[in-house]
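S.K.: Input structure: protein-v2.txt, which contains compact mmCIF, C-alpha atoms.
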# COMPACT_ATOMS: atom_id res chain seq x y z
CA MET A 27 87.76 56.31 95.22
CA ARG A 28 88.29 58.27 98.40
CA LEU A 29 89.65 61.72 97.64
CA ILE A 30 91.35 63.41 100.58
CA LEU A 31 92.93 66.75 99.67
CA PRO A 32 93.92 69.45 102.12
CA ILE A 33 92.94 71.89 99.36
CA LEU A 34 89.38 71.15 100.55
CA THR A 35 90.30 72.22 104.06
CA LEU A 36 91.91 75.35 102.62
CA PHE A 37 88.77 76.13 100.64
CA LEU A 38 86.47 75.73 103.64
CA ALA A 39 88.78 77.78 105.83
CA LEU A 40 88.68 80.56 103.27
CA PHE A 41 84.89 80.66 103.41
CA ALA A 42 84.85 80.62 107.19
CA GLY A 43 87.24 83.57 107.34
CA SER A 44 85.74 85.67 104.57
CA LEU A 45 81.96 85.47 104.66
CA GLY A 46 81.74 88.16 107.27
CA ALA A 47 84.24 90.52 105.67
CA ALA A 48 82.82 94.04 105.76
CA GLY A 49 82.29 95.63 102.39
CA MET A 50 82.95 92.44 100.42
CA ALA A 51 80.55 90.60 98.13
CA LEU A 52 80.60 87.19 96.48
CA VAL A 53 81.44 87.51 92.79
CA PRO A 54 78.94 85.94 90.36
CA ALA A 55 80.35 83.03 88.38
CA GLY A 56 80.14 84.64 84.92
CA ASN A 57 81.09 82.98 81.65
CA THR A 58 84.44 84.54 80.76
CA PRO A 59 87.30 82.11 81.49
CA SER A 60 90.28 83.36 83.44
CA PRO A 61 93.08 81.67 85.37
CA ASP A 62 91.51 82.49 88.73
CA LYS A 63 88.05 81.40 87.62
CA LEU A 64 89.42 78.04 86.46
CA LEU A 65 91.34 77.69 89.73
CA VAL A 66 88.10 78.27 91.66
CA ALA A 67 86.25 75.79 89.43
CA THR A 68 88.94 73.18 90.13
CA ILE A 69 88.70 73.58 93.87
CA GLU A 70 84.90 73.67 93.80
CA ASP A 71 85.00 70.30 92.04
CA ILE A 72 87.41 68.99 94.67
CA ARG A 73 85.04 70.26 97.36
CA ALA A 74 82.18 68.39 95.67
CA SER A 75 84.30 65.20 95.43
CA LYS A 76 84.38 65.38 91.62
CA PRO A 77 88.05 64.63 90.89
CA ASP A 78 87.52 63.93 87.18
CA SER A 79 85.76 67.25 86.67
CA ALA A 80 88.50 68.93 88.71
CA LEU A 81 91.11 67.45 86.37
CA VAL A 82 89.25 68.86 83.36
CA SER A 83 89.26 72.32 84.92
CA VAL A 84 92.90 72.24 85.97
CA ASN A 85 93.93 70.96 82.53
CA ARG A 86 92.08 73.90 80.95
CA LEU A 87 93.95 76.16 83.34
CA ILE A 88 97.31 74.68 82.38
CA ALA A 89 96.44 74.96 78.68
CA MET A 90 95.63 78.64 79.24
CA ARG A 91 98.70 79.31 81.40
CA PRO A 92 101.40 76.63 80.86
CA ASP A 93 103.62 78.61 83.27
CA PHE A 94 101.19 78.45 86.23
CA LYS A 95 103.14 76.34 88.74
CA LEU A 96 100.34 76.22 91.32
CA ALA A 97 98.10 74.55 88.73
CA TYR A 98 100.65 71.79 88.14
CA LEU A 99 100.89 71.12 91.87
CA ILE A 100 97.11 70.77 92.16
CA LYS A 101 97.03 68.49 89.13
CA GLY A 102 99.76 66.34 90.66
CA ASP A 103 97.71 66.00 93.84
CA LEU A 104 94.62 65.02 91.87
CA LEU A 105 96.46 62.33 89.95
CA LEU A 106 98.18 60.97 93.05
CA ALA A 107 94.90 60.91 94.98
CA LYS A 108 93.52 58.36 92.53
CA ASN A 109 95.74 55.71 94.08
CA ARG A 110 96.16 56.73 97.73
CA GLU A 111 95.34 59.27 100.38
CA LEU A 112 97.52 62.33 100.36
CA PRO A 113 99.64 63.27 103.38
CA GLY A 114 99.04 66.95 102.71
CA PHE A 115 98.69 69.68 100.12
CA GLY A 116 101.45 69.12 97.59
CA GLY A 117 101.43 65.39 98.27
CA VAL A 118 103.59 64.78 95.24
CA ARG A 119 106.43 66.23 97.33
CA ALA A 120 108.17 67.60 94.26
CA ALA A 121 109.13 70.77 96.08
CA PRO A 122 110.55 71.77 99.50
CA SER A 123 108.04 72.34 102.31
CA GLN A 124 108.52 76.12 102.19
CA THR A 125 107.64 76.13 98.52
CA ILE A 126 104.52 74.08 99.29
CA ASN A 127 103.55 76.62 101.95
CA ASP A 128 104.06 79.41 99.41
CA PHE A 129 101.69 77.65 97.03
CA LYS A 130 99.14 77.29 99.83
CA ASP A 131 99.35 81.01 100.47
CA GLU A 132 98.93 81.79 96.78
CA ALA A 133 95.92 79.49 96.45
CA ARG A 134 94.29 81.09 99.49
CA ALA A 135 94.99 84.63 98.28
CA ARG A 136 93.74 83.96 94.76
CA LEU A 137 90.56 82.29 95.97
CA GLN A 138 89.82 85.09 98.39
CA GLY A 139 90.56 87.79 95.83
CA TYR A 140 88.44 86.18 93.14
CA LEU A 141 85.44 85.17 95.23
CA TYR A 142 85.15 88.30 97.33
CA GLN A 143 85.13 91.72 95.73
CA PRO A 144 84.30 95.13 97.22
CA SER A 145 80.59 95.85 97.12
CA LEU A 146 79.63 98.38 94.48
CA ASP A 147 78.34 100.77 97.15
CA LYS A 148 81.65 100.81 99.07
CA LEU A 149 84.54 103.25 98.71
CA PRO A 150 88.15 102.94 99.93
CA ALA A 151 89.04 105.03 102.99
CA GLN A 152 92.57 105.33 101.64
CA ILE A 153 91.41 107.43 98.64
CA LEU A 154 89.17 110.32 99.69
CA GLN A 155 89.69 112.65 96.72
CA LEU A 156 91.60 112.69 93.45
CA ALA A 157 92.88 115.84 91.79
CA PRO A 158 91.55 116.51 88.27
CA GLY A 159 94.88 115.59 86.64
CA GLN A 160 94.94 112.16 88.29
CA ARG A 161 92.86 110.09 85.89
CA TYR A 162 93.65 106.83 87.69
CA ALA A 163 94.99 105.68 91.05
CA LEU A 164 96.45 102.37 92.24
CA LEU A 165 95.76 100.93 95.69
CA ALA A 166 97.86 97.95 96.83
CA ASP A 167 96.39 95.80 99.61
CA ALA A 168 99.29 93.72 100.93
CA GLY A 169 97.07 91.84 103.39
CA ARG A 170 94.81 90.53 100.61
CA SER A 171 97.51 90.31 97.92
CA ARG A 172 95.47 92.53 95.57
CA ILE A 173 96.16 95.70 93.64
CA TYR A 174 93.11 97.79 92.73
CA ILE A 175 92.78 100.22 89.81
CA PHE A 176 90.48 103.23 90.30
CA GLU A 177 89.22 105.77 87.81
CA ASN A 178 88.74 109.40 88.81
CA ILE A 179 85.05 110.24 88.38
CA ASP A 180 84.32 113.79 89.58
CA SER A 181 87.17 113.51 92.13
CA GLU A 182 85.87 110.18 93.51
CA PRO A 183 87.53 106.78 93.01
CA ARG A 184 85.55 104.28 90.94
CA LEU A 185 86.88 100.73 90.99
CA LEU A 186 87.74 99.42 87.53
CA GLN A 187 89.72 96.23 88.08
CA ASP A 188 91.91 94.34 90.51
CA TYR A 189 94.76 91.86 90.20
CA TYR A 190 96.71 89.38 92.30
CA LEU A 191 99.82 90.93 93.86
CA SER A 192 103.07 89.83 95.51
CA VAL A 193 104.94 92.01 98.02
CA GLY A 194 108.05 91.81 100.18
CA LYS A 195 109.01 88.61 101.99
CA ASN A 196 108.51 90.36 105.34
CA GLY A 197 105.36 92.27 104.41
CA VAL A 198 105.05 96.06 104.44
CA GLY A 199 106.56 98.85 106.53
CA LYS A 200 109.99 99.25 104.96
CA ARG A 201 112.58 100.81 107.25
CA SER A 202 116.02 99.96 105.91
CA GLU A 203 117.98 98.61 102.96
CA GLY A 204 117.70 94.84 102.74
CA ASP A 205 114.83 94.37 105.21
CA LYS A 206 112.79 92.68 102.44
CA ARG A 207 109.71 94.78 103.16
CA SER A 208 107.59 96.80 100.78
CA PRO A 209 106.96 100.45 101.69
CA LEU A 210 103.81 101.56 103.46
CA GLY A 211 102.40 104.90 102.38
CA VAL A 212 101.37 107.19 99.53
CA TYR A 213 103.69 107.25 96.53
CA THR A 214 103.83 108.19 92.87
CA ILE A 215 104.64 106.03 89.86
CA LYS A 216 107.69 107.85 88.50
CA ALA A 217 108.81 106.29 85.23
CA ALA A 218 108.64 103.24 82.99
CA LEU A 219 112.06 101.64 82.66
CA PRO A 220 113.13 100.85 79.07
CA ARG A 221 112.84 97.15 78.34
CA GLN A 222 116.38 97.05 76.96
CA GLN A 223 117.67 98.04 80.42
CA LEU A 224 115.87 95.17 82.17
CA THR A 225 116.81 91.55 82.64
CA PRO A 226 114.22 88.79 82.03
CA PHE A 227 113.67 88.67 85.81
CA TYR A 228 111.38 91.71 85.53
CA GLY A 229 109.19 90.15 82.88
CA ALA A 230 106.86 92.41 80.91
CA GLY A 231 108.34 95.61 82.34
CA ALA A 232 108.86 97.81 85.38
CA PHE A 233 107.72 101.14 86.78
CA THR A 234 109.74 102.95 89.44
CA ILE A 235 108.05 104.19 92.63
CA ASN A 236 109.25 107.31 94.48
CA TYR A 237 110.36 105.49 97.61
CA PRO A 238 111.72 106.98 99.81
CA ASN A 239 109.32 109.92 99.72
CA GLU A 240 109.34 113.06 101.92
CA TRP A 241 107.82 111.28 104.90
CA ASP A 242 110.21 108.32 104.61
CA ALA A 243 113.16 110.72 104.56
CA MET A 244 111.87 112.49 107.67
CA GLN A 245 111.47 109.13 109.44
CA GLY A 246 114.94 107.99 108.39
CA ASN A 247 113.58 105.10 106.32
CA GLY A 248 116.25 103.73 104.03
CA GLY A 249 116.49 101.58 100.94
CA HIS A 250 115.76 102.29 97.31
CA GLY A 251 114.81 100.66 94.01
CA ILE A 252 111.17 99.86 94.79
CA TRP A 253 109.42 98.99 91.53
CA LEU A 254 106.13 97.65 90.21
CA HIS A 255 107.20 94.91 87.81
CA GLY A 256 106.39 91.62 86.14
CA VAL A 257 107.76 88.10 86.60
CA PRO A 258 110.31 85.97 84.71
CA PRO A 259 109.00 84.48 81.45
CA ASN A 260 109.09 80.91 82.81
CA THR A 261 106.48 81.50 85.53
CA TYR A 262 102.98 82.90 85.71
CA SER A 263 103.15 84.41 89.19
CA ARG A 264 104.97 84.47 92.50
CA PRO A 265 103.64 83.63 95.98
CA PRO A 266 102.17 86.53 98.01
CA LYS A 267 105.35 87.36 99.95
CA THR A 268 108.44 86.60 97.88
CA SER A 269 109.96 89.87 96.64
CA ASP A 270 112.78 91.87 98.19
CA GLY A 271 110.39 94.81 98.56
CA CYS A 272 108.99 95.44 95.08
CA LEU A 273 105.37 95.01 94.04
CA VAL A 274 105.09 92.11 91.60
CA VAL A 275 102.24 91.06 89.29
CA ALA A 276 101.84 88.52 86.50
CA ASN A 277 103.06 89.73 83.11
CA PRO A 278 99.58 89.92 81.52
CA ASP A 279 98.39 91.87 84.56
CA TRP A 280 101.37 94.24 84.37
CA GLN A 281 100.53 94.97 80.75
CA ALA A 282 96.90 95.64 81.69
CA ILE A 283 97.84 97.90 84.61
CA ALA A 284 100.36 99.82 82.49
CA ARG A 285 97.51 101.20 80.38
CA TYR A 286 96.29 103.18 83.40
CA ILE A 287 99.62 104.63 84.49
CA GLN A 288 100.72 108.18 83.73
CA PRO A 289 104.42 108.37 84.69
CA ASP A 290 105.21 111.02 87.28
CA GLY A 291 101.52 111.51 87.95
CA THR A 292 99.66 108.34 88.94
CA PRO A 293 99.44 107.83 92.72
CA ILE A 294 99.93 104.42 94.29
CA ILE A 295 98.89 103.86 97.89
CA ILE A 296 100.38 100.83 99.66
CA THR A 297 98.57 99.59 102.75
CA ASP A 298 98.34 96.40 104.77
CA HIS A 299 94.54 96.49 104.70
CA VAL A 300 92.06 98.42 102.57
CA GLU A 301 89.15 99.77 104.58
CA TRP A 302 85.94 99.72 102.52
CA LEU A 303 83.33 102.22 103.70
CA ASP A 304 79.74 103.02 102.85
CA ARG A 305 79.29 106.42 101.22
CA ASP A 306 78.18 108.25 104.37
CA ALA A 307 81.20 107.08 106.38
CA TRP A 308 83.53 107.83 103.46
CA GLN A 309 82.09 111.32 103.04
CA ALA A 310 82.47 111.96 106.78
CA LYS A 311 86.21 111.15 106.64
CA ARG A 312 86.60 113.33 103.58
CA GLN A 313 84.77 116.27 105.14
CA GLU A 314 86.82 115.95 108.32
CA LEU A 315 90.03 116.49 106.38
CA LEU A 316 88.57 119.26 104.24
CA ALA A 317 87.35 121.02 107.39
CA THR A 318 90.85 120.79 108.87
CA LEU A 319 92.28 122.46 105.77
CA ASP A 320 89.58 125.13 105.82
CA ASN A 321 90.32 125.99 109.45
CA TRP A 322 94.06 126.18 108.71
CA LYS A 323 93.38 128.47 105.75
CA ASP A 324 90.87 130.62 107.69
CA ASP A 325 93.27 131.26 110.57
CA TRP A 326 95.91 132.25 108.03
CA GLN A 327 93.53 134.66 106.29
CA LYS A 328 92.40 136.13 109.62
CA LEU A 329 96.08 136.94 110.38
CA ASP A 330 95.77 134.76 113.49
CA ALA A 331 99.35 133.53 113.85
CA HIS A 332 98.64 131.66 117.09
CA GLY A 333 95.67 129.82 115.60
CA PHE A 334 97.57 129.11 112.38
CA LEU A 335 100.53 127.57 114.20
CA GLY A 336 98.13 125.56 116.37
CA HIS A 337 97.41 123.40 113.33
CA TYR A 338 101.00 122.09 113.42
CA ALA A 339 102.16 119.26 115.67
CA PRO A 340 104.42 120.55 118.48
CA ASP A 341 107.20 118.09 117.63
CA TYR A 342 107.19 119.29 114.02
CA LEU A 343 107.40 122.94 115.09
CA ASN A 344 110.28 122.01 117.40
CA SER A 345 112.08 120.39 114.49
CA LEU A 346 111.64 123.57 112.42
CA GLY A 347 113.14 125.68 115.22
CA LYS A 348 112.23 128.85 117.11
CA GLU A 349 113.54 131.10 114.33
CA TRP A 350 111.18 129.54 111.78
CA VAL A 351 108.21 129.92 114.16
CA ALA A 352 109.09 133.56 114.91
CA ALA A 353 109.51 134.32 111.19
CA LYS A 354 106.14 132.76 110.42
CA GLN A 355 104.47 134.81 113.15
CA ARG A 356 105.95 138.03 111.75
CA ASN A 357 105.07 137.02 108.21
CA ILE A 358 101.41 136.70 109.19
CA THR A 359 100.93 139.56 111.65
CA GLN A 360 102.77 142.17 109.57
CA LYS A 361 100.40 141.81 106.61
CA ASP A 362 97.36 144.02 106.06
CA TRP A 363 95.51 141.14 104.42
CA ILE A 364 96.09 137.56 103.20
CA LYS A 365 94.02 135.46 100.83
CA VAL A 366 94.60 131.73 100.25
CA GLY A 367 92.99 129.52 97.64
CA LEU A 368 93.41 125.72 97.54
CA ASN A 369 92.61 123.59 94.50
CA ASP A 370 93.81 120.57 92.46
CA MET A 371 93.53 118.65 95.70
CA SER A 372 93.99 114.94 96.41
CA LEU A 373 93.35 113.37 99.82
CA PHE A 374 94.75 110.01 100.96
CA LEU A 375 94.81 108.10 104.25
CA TYR A 376 96.98 105.30 105.55
CA ASN A 377 98.07 103.75 108.83
CA THR A 378 101.49 102.90 110.19
CA ASP A 379 102.23 100.80 113.27
CA ASN A 380 101.72 103.84 115.48
CA ASP A 381 99.93 106.57 113.53
CA ASN A 382 96.92 107.45 111.43
CA LEU A 383 98.28 109.62 108.64
CA ALA A 384 96.76 111.75 105.90
CA VAL A 385 98.57 112.96 102.78
CA ILE A 386 97.21 115.98 100.92
CA SER A 387 98.55 117.28 97.61
CA LEU A 388 97.26 120.64 96.43
CA THR A 389 97.97 123.85 94.58
CA GLN A 390 98.11 126.87 96.89
CA HIS A 391 97.26 130.34 95.53
CA TYR A 392 98.62 132.88 98.03
CA SER A 393 98.22 136.62 97.84
CA SER A 394 98.70 139.48 100.30
CA ASP A 395 99.34 143.19 100.27
CA LYS A 396 103.05 142.39 99.78
CA LEU A 397 103.31 139.12 97.79
CA SER A 398 101.47 136.78 95.44
CA ASP A 399 102.55 133.30 94.37
CA VAL A 400 101.31 129.86 93.34
CA THR A 401 102.86 126.81 94.99
CA ARG A 402 102.38 123.09 94.52
CA LYS A 403 102.44 121.60 98.01
CA LYS A 404 102.25 118.29 99.86
CA ILE A 405 101.02 118.23 103.47
CA TYR A 406 101.23 115.27 105.86
CA LEU A 407 98.90 115.22 108.86
CA ARG A 408 98.76 112.92 111.87
CA GLN A 409 95.72 112.31 114.03
CA GLU A 410 96.50 113.26 117.62
CA ALA A 411 93.81 112.90 120.27
CA GLY A 412 91.15 113.00 117.56
CA GLN A 413 92.53 116.10 115.87
CA TRP A 414 94.50 116.30 112.63
CA ARG A 415 97.77 118.23 112.92
CA ILE A 416 100.38 118.97 110.27
CA VAL A 417 103.55 116.94 110.76
CA LEU A 418 105.29 117.74 107.46
CA GLU A 419 104.82 120.40 104.78
CA LYS A 420 106.78 120.41 101.54
CA ASN A 421 106.75 122.61 98.46
CA LEU A 422 106.88 120.60 95.26
CA PRO A 423 108.34 121.51 91.89
CA SER A 424 105.72 122.55 89.39
CA ALA A 425 105.27 120.15 86.49
CA PRO A 426 103.16 120.39 83.37
CA VAL A 427 100.09 118.16 83.27
CA VAL A 428 100.41 115.60 80.48
CA ALA A 429 97.21 114.14 79.09
CA LEU A 430 97.06 110.35 79.17
CA LYS A 431 96.60 108.86 75.71
CA ASN A 432 93.92 106.23 75.26
Before we go any further, please render this structure as structure tokens.

M.R.:
Amino acid sequence: MRLILPILTLFLALFAGSLGAAGMALVPAGNTPSPDKLLVATIEDIRASKPDSALVSVNRLIAMRPDFKLAYLIKGDLLLAKNRELPGFGGVRAAPSQTINDFKDEARARLQGYLYQPSLDKLPAQILQLAPGQRYALLADAGRSRIYIFENIDSEPRLLQDYYLSVGKNGVGKRSEGDKRSPLGVYTIKAALPRQQLTPFYGAGAFTINYPNEWDAMQGNGGHGIWLHGVPPNTYSRPPKTSDGCLVVANPDWQAIARYIQPDGTPIIITDHVEWLDRDAWQAKRQELLATLDNWKDDWQKLDAHGFLGHYAPDYLNSLGKEWVAAKQRNITQKDWIKVGLNDMSLFLYNTDNDNLAVISLTQHYSSDKLSDVTRKKIYLRQEAGQWRIVLEKNLPSAPVVALKN
């Protein structure tokens, strides 16, 4: 029997495009069965021209996940290939061509996500520091259709697990209501929605995300109702780009991820590409941001109003107005002394189409000869000509830290 399946071409193309991926490592086979492992085993058998063995693997996959539509399509191709050559992936032609293309994309994303994992000695550039109260952080990589779960170990992110992810039909970079894009930036998981308020469309459950955040509002980005949720009960997963802007995972994965989420506290960073760095490069990025904050704080404490304001982007100062700038100058120069302490700090990076941005959350302890206060603050910085400058500064409401129950 001559077995001709474009899945083979897909598999080989995946290897050609991924072997040189920086910071990624081939995952050992292992013995624990999982849907993605059985999918890989099926395609490996196809690659080795072992259709009968491939059928055994795909049947095991279907028995494990009877709602896995991609598995049924592959099985249909395997059965049809016993009698004739296939015209293409999805040769059974039981679905429209766009649906077949969606399945191709899902197969590619799942294979890539399963076979290639971040090396243990790599760290994500997007998460440079986690505040003590942030026990876990989520990092969504839209380009690879993966969502990563990190644990906070002495302020550093340690990768725990990752899962297949679907995002907006038009990718990331949400700008307006109805553009079918997922947001791009640093957000917070706000709340778990009660199951009784949800339709079956959202599957195992849903968490709200605080889109639009302060930066989105400043940029005029519109839209609302961005959630992290499951899938309808009659399907295992959705293709990589099929939502109206939400982040979507399989129901078992949603339930697993939910264990790591502290509502109104867990950060979620959404990017189009996670940059994995060796420790030295990661530390250098971290120290660069910390040095920027130290210089900002030092100029403030030295009562150097000109130096202090030099840390702000000119366009941001213009938006604040001349009266604000003059008041800040007086506020600094008319003090006998100022002391500033910064702690409970988290540092995140992400890119937009035009900018490299940093988001810093911290607690500011301010005291002077005339005033003392404690403020929770969020600072956005943009890299301009190699220098980080503040482009947005917001005071946040104080909230009690709630311990996450195991």

S.K.: In Å, with one decimal, what is the gap from atom CA of A:Asn247 to atom CA of A:Gly199?

M.R.: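 A separation of 9.4 Å between them.
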
S.K.: Give me, as a ChimeraX atom specification, all polymer residues having an atom no more than 8 Å from A:Pro265, counting all atoms listed in the file and skipping those fewer than 3 positions away in the same chain.

M.R.: /A:128-129,131-132,192,268

S.K.: A:Trp241, A:Tyr189, A:Tyr98, A:Tyr162: which is nearest A:Tyr286, counting all atoms listed in the file?

M.R.: A:Tyr162

S.K.: For A:Gly248, please output as a JSON list (two decimals) with C-alpha atoms, keeping the file's coordinate frame all residues within 6 Å (counting only C-alpha atoms; exclusion window: fewer than 4 positions along the same chain).

M.R.:
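File written: selection.json
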[["chain", "number", "residue", "atom", "x", "y", "z"],
["A", 201, "ARG", "CA", 112.58, 100.81, 107.25],
["A", 202, "SER", "CA", 116.02, 99.96, 105.91],
["A", 203, "GLU", "CA", 117.98, 98.61, 102.96]]

S.K.: Can you measure atom CA of A:His337 to atom CA of A:Arg415 for me? One decimal in Å is fine.

M.R.: 5.2 Å

S.K.: In Å to one decimal, how far is atom CA of A:Gly291 from atom CA of A:Glu314?

M.R.: 25.5 Å

S.K.: Would you list the contacts of A:Glu410 as an mmCIF file with C-alpha atoms, in the coordinates of the input, taking every protein, DNA or RNA residue within 10 Å and counting all atoms listed in the file, but skipping same-chain residues closer than 4 positions in sequence?

M.R.:
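The file below, around01.cif, is the result:
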data_model
loop_
_atom_site.group_PDB
_atom_site.id
_atom_site.type_symbol
_atom_site.label_atom_id
_atom_site.label_comp_id
_atom_site.auth_asym_id
_atom_site.auth_seq_id
_atom_site.Cartn_x
_atom_site.Cartn_y
_atom_site.Cartn_z
ATOM 1 C CA ALA A 339 102.160 119.260 115.670
ATOM 2 C CA ASP A 381 99.930 106.570 113.530
ATOM 3 C CA ASN A 382 96.920 107.450 111.430
ATOM 4 C CA LEU A 383 98.280 109.620 108.640
ATOM 5 C CA TRP A 414 94.500 116.300 112.630
ATOM 6 C CA ARG A 415 97.770 118.230 112.920
#

S.K.: Fewer than 2 positions away in the same chain doesn't count, so skip those; otherwise give me all residues within 9 Å of stretch 366-376 of chain A, counting all atoms listed in the file, as a VMD selection string.

M.R.: chain A and resid 151 to 160 181 210 to 212 295 to 297 300 312 315 to 316 319 323 to 324 326 to 327 364 378 381 to 394

S.K.: Point out the residue among A:Leu87, A:Ile126, A:Leu185, A:Ile283 with the least atom-to-atom distance to A:Pro150, counting all atoms listed in the file.

M.R.: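 Smallest distance to A:Pro150 is found for A:Leu185.
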
S.K.: For A:Gly333, please output as number ranges by chain all residues within 12 Å (counting only C-alpha atoms; exclusion window: fewer than 2 positions along the same chain).

M.R.: A: 321-331, 335-338, 355, 358-359

S.K.: Identify which of the residues A:Ala352, A:Leu141, A:Leu346, A:Ile287 lies closest to A:His332, counting all atoms listed in the file when measuring atom-to-atom distances.

M.R.: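 Closest candidate: A:Ala352.
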
S.K.: Find, counting all atoms listed in the file, the residue in A:Ile235, A:Val417, A:Cys272, A:Leu219 that gets nearest to A:Lys206.

M.R.: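 Going through A:Ile235, A:Val417, A:Cys272, A:Leu219 one by one, the smallest distance to A:Lys206 is for A:Cys272.
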
S.K.: Check the smallest atom-to-atom distance from each of A:Ser269, A:Gln413, A:Gln222, A:Ala217 to A:Asp205 using all atoms listed in the file, then report the winner.

M.R.: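 Residue with the minimum atom-to-atom distance to A:Asp205: A:Ser269.
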
S.K.: As AutoDock Vina command-line options, please report the centre and edge lengths, rounded to one decimal in Å, of the axis-aligned box that holds all listed atoms of stretch 380-393 of chain A with 6 Å of padding on each of the six sides.

M.R.:
--center_x 99.2 --center_y 120.2 --center_z 105.0 --size_x 17.0 --size_y 44.8 --size_z 32.9

S.K.: Nearest residue to A:Asp395 out of A:Asp103, A:Val274, A:Ala168, A:Lys365, using only C-alpha atoms?

M.R.: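 Using only C-alpha atoms, A:Asp395 sits closest to A:Lys365.
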